[in-house]
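Novice: This is upload08.txt (compact mmCIF, C-alpha atoms and all ligand atoms).
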# COMPACT_ATOMS: atom_id res chain seq x y z
CA MET A 1 -5.45 28.53 96.18
CA LYS A 2 -6.41 25.44 94.18
CA ILE A 3 -5.15 21.99 95.10
CA ALA A 4 -5.89 18.91 93.02
CA VAL A 5 -5.79 15.57 94.80
CA CYS A 6 -5.42 12.33 92.94
CA GLU A 7 -5.35 9.08 94.87
CA GLY A 8 -4.85 6.84 91.84
CA ASP A 9 -4.68 3.09 92.47
CA GLY A 10 -3.67 0.55 95.10
CA ILE A 11 -2.21 2.00 98.27
CA GLY A 12 -2.53 5.49 96.74
CA ARG A 13 -6.17 5.26 97.88
CA GLU A 14 -5.11 4.45 101.41
CA VAL A 15 -2.24 6.85 102.01
CA ILE A 16 -3.48 9.96 100.17
CA PRO A 17 -6.59 10.46 102.36
CA VAL A 18 -4.26 10.50 105.40
CA ALA A 19 -1.96 13.04 103.73
CA LYS A 20 -4.91 15.12 102.55
CA LYS A 21 -6.23 15.41 106.09
CA VAL A 22 -2.88 16.87 107.19
CA LEU A 23 -2.83 19.21 104.21
CA MET A 24 -6.40 20.39 104.87
CA HIS A 25 -5.48 21.07 108.47
CA PHE A 26 -2.75 23.51 107.45
CA LEU A 27 -4.53 24.89 104.38
CA PRO A 28 -8.20 24.83 105.39
CA ASP A 29 -9.22 27.54 102.95
CA ALA A 30 -7.74 26.04 99.81
CA ASP A 31 -10.07 24.87 97.09
CA TYR A 32 -9.65 21.07 96.86
CA SER A 33 -10.73 19.01 93.88
CA ASP A 34 -10.37 15.28 93.27
CA ILE A 35 -9.11 13.81 90.05
CA PHE A 36 -9.89 10.17 89.28
CA LEU A 37 -7.40 8.43 87.09
CA GLY A 38 -5.56 5.17 86.82
CA TYR A 39 -6.18 1.51 86.21
CA GLU A 40 -9.90 1.44 86.95
CA LYS A 41 -10.49 4.32 84.58
CA TRP A 42 -8.45 2.53 81.93
CA GLU A 43 -10.64 -0.57 82.35
CA LYS A 44 -13.86 1.45 82.10
CA GLU A 45 -12.91 4.09 79.56
CA GLY A 46 -9.85 2.64 77.79
CA CYS A 47 -7.83 5.65 78.89
CA ALA A 48 -6.12 5.99 82.25
CA CYS A 49 -5.67 9.76 82.13
CA THR A 50 -7.65 12.07 79.85
CA GLU A 51 -6.85 15.52 78.48
CA ASP A 52 -9.45 16.86 80.93
CA ASP A 53 -7.47 15.36 83.81
CA ILE A 54 -4.33 17.08 82.55
CA SER A 55 -6.24 20.37 82.19
CA ALA A 56 -7.55 20.01 85.74
CA MET A 57 -3.97 19.60 86.96
CA LYS A 58 -2.87 22.61 84.95
CA GLY A 59 -5.65 24.63 86.55
CA SER A 60 -4.31 23.92 90.04
CA ASP A 61 -1.59 25.58 92.08
CA ALA A 62 -0.36 22.19 93.22
CA ILE A 63 -1.23 18.52 92.86
CA LEU A 64 -1.05 15.79 95.50
CA PHE A 65 -0.78 12.42 93.81
CA GLY A 66 -0.79 8.83 95.09
CA ALA A 67 0.27 6.10 92.70
CA VAL A 68 -1.01 4.33 89.62
CA THR A 69 -0.91 0.70 88.53
CA THR A 70 0.37 0.00 85.02
CA PRO A 71 -2.22 -1.90 82.94
CA PRO A 72 -1.08 -5.05 81.06
CA ASP A 73 -0.95 -3.42 77.65
CA PRO A 74 2.33 -3.28 75.68
CA ASP A 75 1.23 -0.02 74.00
CA TYR A 76 0.39 1.60 77.31
CA LYS A 77 2.41 4.67 78.19
CA SER A 78 2.97 5.47 81.84
CA ILE A 79 0.56 8.12 83.16
CA LEU A 80 3.25 9.52 85.38
CA LEU A 81 5.59 10.08 82.47
CA LYS A 82 2.76 11.69 80.50
CA ILE A 83 2.02 14.07 83.37
CA ARG A 84 5.70 14.92 83.89
CA HIS A 85 6.03 15.74 80.19
CA GLU A 86 2.77 17.61 79.73
CA LEU A 87 3.34 19.75 82.83
CA ASP A 88 7.07 20.00 82.05
CA LEU A 89 7.96 18.97 85.60
CA TYR A 90 11.66 18.92 84.92
CA ALA A 91 12.98 18.69 88.48
CA ASN A 92 12.24 15.65 90.59
CA LEU A 93 13.35 16.44 94.14
CA ARG A 94 13.74 13.45 96.41
CA PRO A 95 14.90 14.20 99.96
CA VAL A 96 16.39 11.39 102.02
CA ARG A 97 16.76 12.18 105.72
CA GLY A 98 17.98 10.26 108.73
CA GLY A 99 19.71 10.89 112.05
CA SER A 100 23.12 11.77 110.60
CA PHE A 101 22.29 12.69 107.01
CA ASP A 102 20.12 14.97 104.95
CA ILE A 103 20.44 14.35 101.22
CA MET A 104 18.53 15.84 98.31
CA VAL A 105 18.52 13.78 95.13
CA VAL A 106 17.79 16.11 92.22
CA ARG A 107 16.67 13.94 89.34
CA GLU A 108 16.26 15.30 85.80
CA ASN A 109 12.68 14.36 85.01
CA THR A 110 11.91 14.90 81.34
CA GLU A 111 14.67 13.40 79.21
CA GLY A 112 17.53 10.87 79.42
CA LEU A 113 16.42 7.26 79.02
CA TYR A 114 12.83 8.39 79.51
CA SER A 115 12.78 10.20 76.17
CA GLY A 116 10.00 7.91 74.93
CA ILE A 117 11.90 7.51 71.66
CA GLU A 118 12.09 3.76 71.45
CA GLU A 119 11.23 0.66 69.52
CA LEU A 120 10.35 -2.82 70.70
CA GLY A 121 11.58 -5.53 68.35
CA ASP A 122 11.89 -9.31 68.58
CA GLU A 123 15.62 -9.36 67.98
CA ARG A 124 16.64 -5.85 68.83
CA SER A 125 15.00 -3.17 70.91
CA THR A 126 16.21 0.37 71.37
CA THR A 127 15.59 3.33 73.64
CA LEU A 128 17.22 6.61 72.79
CA ARG A 129 18.92 8.33 75.67
CA VAL A 130 18.48 12.03 74.99
CA VAL A 131 20.43 14.62 76.95
CA THR A 132 20.17 18.27 75.93
CA ARG A 133 22.18 21.27 77.01
CA LYS A 134 18.98 23.13 77.90
CA GLY A 135 17.64 20.22 79.96
CA SER A 136 20.94 19.74 81.77
CA GLU A 137 21.36 23.44 82.40
CA ARG A 138 17.98 23.92 84.01
CA ILE A 139 18.29 20.90 86.31
CA ALA A 140 21.82 21.96 87.25
CA ARG A 141 20.58 25.45 88.04
CA LYS A 142 17.85 24.00 90.25
CA ALA A 143 20.46 21.85 92.06
CA CYS A 144 22.68 24.91 92.56
CA GLU A 145 19.76 26.90 93.99
CA LEU A 146 18.98 24.07 96.40
CA SER A 147 22.60 23.82 97.39
CA ALA A 148 22.57 27.55 98.21
CA ASP A 149 19.22 27.35 100.07
CA ARG A 150 20.61 24.55 102.18
CA GLY A 151 23.69 26.63 103.05
CA PHE A 152 26.29 24.96 100.79
CA ARG A 153 26.80 22.25 103.39
CA LYS A 154 28.75 19.95 101.08
CA PRO A 155 29.87 20.18 97.45
CA LEU A 156 27.19 19.56 94.87
CA VAL A 157 27.70 16.04 93.51
CA ILE A 158 27.15 15.49 89.79
CA GLY A 159 26.26 11.80 89.33
CA ASN A 160 27.11 10.57 85.85
CA LYS A 161 28.51 7.79 83.71
CA ALA A 162 30.52 9.97 81.32
CA ASN A 163 33.26 7.33 81.14
CA VAL A 164 30.86 5.21 79.06
CA LEU A 165 28.02 7.39 77.81
CA LYS A 166 28.55 10.28 75.40
CA SER A 167 25.21 11.71 76.49
CA ASP A 168 26.57 12.00 80.01
CA ILE A 169 29.60 13.97 78.85
CA LEU A 170 27.21 16.72 77.84
CA PHE A 171 25.29 16.34 81.10
CA ARG A 172 28.40 16.40 83.29
CA ASP A 173 30.08 19.28 81.47
CA THR A 174 26.92 21.38 81.41
CA CYS A 175 26.44 20.81 85.15
CA ILE A 176 30.07 21.82 85.76
CA LYS A 177 29.67 25.03 83.75
CA THR A 178 26.44 25.89 85.51
CA ALA A 179 27.93 25.23 88.94
CA ASP A 180 30.93 27.41 88.06
CA ALA A 181 28.64 30.18 86.86
CA CYS A 182 26.60 29.95 90.10
CA GLY A 183 29.74 29.84 92.25
CA VAL A 184 28.83 26.42 93.65
CA LEU A 185 31.53 23.99 94.67
CA TYR A 186 31.02 20.62 93.01
CA LYS A 187 32.39 17.14 92.63
CA THR A 188 31.69 14.67 89.82
CA MET A 189 31.20 10.98 90.61
CA PHE A 190 30.33 7.91 88.58
CA ILE A 191 26.83 6.85 89.44
CA ASP A 192 27.65 3.23 90.31
CA ALA A 193 30.39 4.13 92.79
CA LEU A 194 28.30 7.04 94.03
CA THR A 195 25.33 4.79 94.82
CA LEU A 196 27.46 2.49 96.93
CA ASP A 197 29.18 5.39 98.69
CA VAL A 198 25.88 7.10 99.50
CA LEU A 199 24.71 3.90 101.17
CA MET A 200 27.98 3.51 103.09
CA HIS A 201 28.59 7.15 104.01
CA PRO A 202 25.33 9.09 103.63
CA GLU A 203 26.58 11.86 105.92
CA ARG A 204 29.10 12.87 103.23
CA TYR A 205 26.35 14.06 100.87
CA ASP A 206 24.06 17.04 100.51
CA VAL A 207 22.69 17.74 97.01
CA ILE A 208 23.18 15.16 94.26
CA VAL A 209 22.14 15.99 90.69
CA THR A 210 21.81 13.28 88.06
CA THR A 211 19.96 12.16 84.95
CA ASN A 212 16.50 10.63 84.88
CA MET A 213 17.06 6.86 85.16
CA PHE A 214 20.10 7.15 87.41
CA GLY A 215 18.06 9.35 89.73
CA ASP A 216 15.23 6.82 89.68
CA ILE A 217 17.54 4.02 90.78
CA LEU A 218 19.57 6.09 93.24
CA SER A 219 16.46 7.36 95.01
CA ASP A 220 15.03 3.86 95.49
CA ALA A 221 18.42 2.64 96.74
CA CYS A 222 18.39 5.48 99.26
CA GLY A 223 15.19 3.97 100.66
CA TYR A 224 17.57 1.52 102.33
CA LEU A 225 18.84 4.35 104.52
CA THR A 226 15.44 5.40 105.80
CA GLY A 227 13.52 2.23 106.51
CA GLY A 228 12.19 1.54 103.04
CA LEU A 229 10.25 3.15 100.25
CA GLY A 230 7.31 3.91 102.50
CA MET A 231 9.31 6.82 103.89
CA LEU A 232 10.37 8.73 100.76
CA PRO A 233 8.45 11.72 99.39
CA SER A 234 9.07 13.68 96.21
CA ALA A 235 8.29 16.94 94.50
CA ASN A 236 8.10 17.29 90.73
CA ILE A 237 8.63 20.92 89.91
CA GLY A 238 8.48 22.84 86.64
CA GLU A 239 8.34 26.50 85.67
CA LYS A 240 4.57 26.57 86.06
CA TYR A 241 3.36 23.51 87.95
CA ALA A 242 4.16 21.60 91.11
CA PHE A 243 3.24 17.96 91.68
CA PHE A 244 3.88 16.02 94.90
CA GLU A 245 3.92 12.25 95.20
CA PRO A 246 5.43 9.48 97.29
CA VAL A 247 8.39 7.74 95.64
CA HIS A 248 6.65 4.37 96.10
CA GLY A 249 4.18 2.90 93.64
CA SER A 250 0.67 1.46 94.04
CA ALA A 251 2.00 -1.72 95.77
CA PRO A 252 -0.73 -4.15 94.64
CA ASP A 253 0.74 -6.82 96.95
CA ILE A 254 -0.34 -4.96 100.10
CA ALA A 255 -3.16 -2.81 98.69
CA GLY A 256 -6.46 -3.21 100.50
CA LYS A 257 -4.86 -4.57 103.65
CA GLY A 258 -4.75 -1.24 105.43
CA ILE A 259 -1.08 -1.59 106.32
CA ALA A 260 0.56 0.82 103.87
CA ASN A 261 2.93 3.32 105.43
CA PRO A 262 1.46 6.82 104.99
CA VAL A 263 4.71 8.67 105.79
CA ALA A 264 5.89 9.13 102.16
CA ALA A 265 2.52 10.63 101.27
CA ILE A 266 2.38 12.85 104.37
CA ARG A 267 5.94 14.04 103.70
CA SER A 268 4.92 14.79 100.10
CA ALA A 269 2.12 16.97 101.48
CA ALA A 270 4.72 18.63 103.74
CA MET A 271 6.87 19.32 100.67
CA MET A 272 3.85 21.04 99.13
CA LEU A 273 3.52 23.24 102.22
CA GLU A 274 7.22 24.11 101.96
CA HIS A 275 6.69 24.95 98.31
CA PHE A 276 4.08 27.47 99.51
CA GLY A 277 6.60 28.89 101.99
CA MET A 278 5.20 27.04 105.03
CA LYS A 279 8.51 25.73 106.32
CA ARG A 280 7.57 25.76 109.98
CA GLU A 281 4.44 23.70 109.33
CA ALA A 282 6.50 21.18 107.36
CA GLU A 283 8.87 20.93 110.32
CA ILE A 284 6.00 20.24 112.72
CA ILE A 285 4.79 17.44 110.47
CA GLU A 286 8.28 15.94 110.33
CA GLU A 287 8.66 16.11 114.08
CA CYS A 288 5.31 14.36 114.61
CA ILE A 289 6.18 11.61 112.15
CA LEU A 290 9.38 10.90 114.07
CA ARG A 291 7.63 11.04 117.45
CA SER A 292 5.00 8.60 116.34
CA ILE A 293 7.62 6.15 115.07
CA ILE A 294 9.66 6.46 118.26
CA SER A 295 6.53 5.82 120.34
CA GLY A 296 6.15 2.54 118.44
CA VAL A 297 2.91 3.46 116.69
CA CYS A 298 3.83 2.70 113.10
CA THR A 299 3.11 0.28 110.27
CA PRO A 300 4.67 -3.21 109.97
CA ASP A 301 7.33 -2.09 107.45
CA LEU A 302 8.80 -0.01 110.31
CA GLY A 303 8.48 -2.80 112.84
CA GLY A 304 5.15 -1.71 114.33
CA SER A 305 1.71 -3.25 114.19
CA ALA A 306 -0.45 -0.20 113.50
CA GLY A 307 -2.56 0.14 110.38
CA THR A 308 -2.36 3.09 107.96
CA GLY A 309 -5.22 4.89 109.74
CA GLU A 310 -3.94 4.41 113.27
CA PHE A 311 -0.44 5.57 112.32
CA GLY A 312 -1.90 8.56 110.48
CA ASP A 313 -4.16 9.40 113.44
CA ARG A 314 -1.22 9.34 115.85
CA ILE A 315 0.70 11.75 113.62
CA PHE A 316 -2.36 13.97 113.29
CA GLU A 317 -3.02 14.06 117.05
CA CYS A 318 0.58 15.08 117.59
CA ILE A 319 0.19 17.90 115.06
CA LEU A 320 -2.90 19.15 116.89
CA LYS A 321 -1.03 19.07 120.23
CA ARG A 322 2.08 20.73 118.86
CA GLU A 323 -0.05 23.55 117.58
CA SER A 324 -2.13 24.20 120.67
C1 LIG O 1 9.33 6.72 90.15
C2 LIG O 1 8.76 5.53 89.43
C3 LIG O 1 8.42 5.94 88.01
C4 LIG O 1 9.71 6.32 87.32
C5 LIG O 1 7.65 4.91 87.17
C6 LIG O 1 6.43 4.40 87.87
C7 LIG O 1 7.30 5.47 85.82
O1 LIG O 1 9.63 4.47 89.47
O2 LIG O 1 8.65 7.75 90.23
O3 LIG O 1 10.44 6.62 90.64
O4 LIG O 1 10.41 5.48 86.79
O5 LIG O 1 10.02 7.49 87.36
MG MG O 2 11.27 4.80 90.81
Let me see whether you can do it: turn the structure in this file into structure tokens.
Ligand code: IPM
Ligand code: MG
Specialist:
Amino acid sequence: MKIAVCEGDGIGREVIPVAKKVLMHFLPDADYSDIFLGYEKWEKEGCACTEDDISAMKGSDAILFGAVTTPPDPDYKSILLKIRHELDLYANLRPVRGGSFDIMVVRENTEGLYSGIEELGDERSTTLRVVTRKGSERIARKACELSADRGFRKPLVIGNKANVLKSDILFRDTCIKTADACGVLYKTMFIDALTLDVLMHPERYDVIVTTNMFGDILSDACGYLTGGLGMLPSANIGEKYAFFEPVHGSAPDIAGKGIANPVAAIRSAAMMLEHFGMKREAEIIEECILRSIISGVCTPDLGGSAGTGEFGDRIFECILKRES
């Protein structure tokens, strides 16, 4: 099994080594390779992510990714968006868990407002919001599968803004048809009201499917429920490739201080294990994360005073104990 690891920039370099250690513990025989990309590479080589980097990712069974800083260049295109497009990682799965709730935000990851069809002008700028039947159908199918895997706990919620956006009429109606065809109970909700309701009553939700930008915003907002962005992992899944990354970015404001919360990265590694069918191992990791937080050994964003390494070590020690 081949696993590519890419730390990227900023706190990516601090949290990914912690997550990689956990991954290597559970998958000691995998073939690990490092990919260097991001801001520093852009400064040195004028390109933040080369075709070789993309090929290296395509040659792997899974990729663990940190975060990248966006260089100050108006023509610069986000590496993450490039990777999501080139690897056709159409489903961005963003779990949000807490004591009384367990939500899965299923974000369409290749179209919508992230179509890349846009123009920057002085007086008028445009970005084309592209929604296709095919794109909506495949993300809806993925959401239906997840809903089934999770035991149809609550109706599938289709987050949309079809009262204003024509593109969302196609999205909503395609999701409805797909849910009907899969025999999945669903509910449609406008994304603005949905976002507020998720924050007020998270226990009412299970799987939520929505378009690219709405899913981006909703998933960050959900960080409020879990103690911040340092807690949220994600999986970017396509037909062929699987890419795992924390929801947070490179956080230049705290980079280098050794205080970044490694949980989002460790949980992303756990999502990779689950992707390989290692559900029990992912559960052990989750349990150890919670134990470490409860014991008070955690980073300042969670109210503790531990550094990234100390927090990571505590989680790792717990994993070793749980296993012996
Ligand atoms: C995310 C990020 C990215 C996005 C950015 C960095 C391109 O916010 O993964 O949520 O908008 O998708
Ligand atoms: Mg985001």
Novice: Applying 12 Å and all atoms listed in the file, which residues near Leu23 in chain A remain after dropping the ones on its own chain fewer than 2 positions away? List them as a PyMOL selection string.
Specialist: chain A and resi 3-5+16-21+25-32+62-64+244+265-274+276+278+281-282+285+316+319
Novice: Could you list, as a list in words, all residues that come within 9 Å of ligand LIG 1 (chain O)? Count only C-alpha atoms and all ligand atoms.
Specialist: Ala67, Val68, Thr69, Thr70, Ser78, Ile79, Leu80, Leu81, Asn92, Asn109, Tyr114, Asn212, Met213, Gly215, Asp216, Ile217, Ser219, Asp220, Ser234, Glu245, Pro246, Val247, His248, Gly249 and Ser250 of chain A
Novice: Using all atoms listed in the file, can you tell me which of A:Pro155, A:Gly121, A:Gly46, A:Gly66 comes closest to Glu7 in chain A?
Specialist: A:Gly66
Novice: List the neighbours of range 299-302 of chain A out to 12 Å using all atoms listed in the file; skip same-chain residues closer than 5 positions along the sequence, and give me the result as a ChimeraX atom specification.
Specialist: /A:15,224,226-231,254,257-263,289-290,292-294,307-312,314
Novice: Measuring atom to atom with only C-alpha atoms, identify which of A:Glu287, A:Asp102, A:Asp88, A:Asp9 is nearest to Asp206 in chain A.
Specialist: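 The closest residue to Asp206 in chain A is A:Asp102.
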Novice: Quick one: pull the distance between CA of Arg94 in chain A and CA of Asn236 in chain A, Å, one decimal.
Specialist: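 Between CA of Arg94 in chain A and CA of Asn236 in chain A the gap is 8.9 Å.
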Novice: Determine, counting all atoms listed in the file, which protein, DNA and RNA residues have an atom within 12 Å of an atom of Ser115 in chain A; residues of the same chain fewer than 4 positions away are not included. Present the result as an MDAnalysis selection string.
Specialist: chainID A and resid 77 81:82 84:85 108:111 119 126:132 135 211:213
Novice: Can you work out which one of A:Glu323, A:Glu123, A:Ala242, A:Leu156 has the shortest atom-to-atom distance to Arg280 in chain A, counting all atoms listed in the file?
Specialist: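 Closest candidate: A:Glu323.
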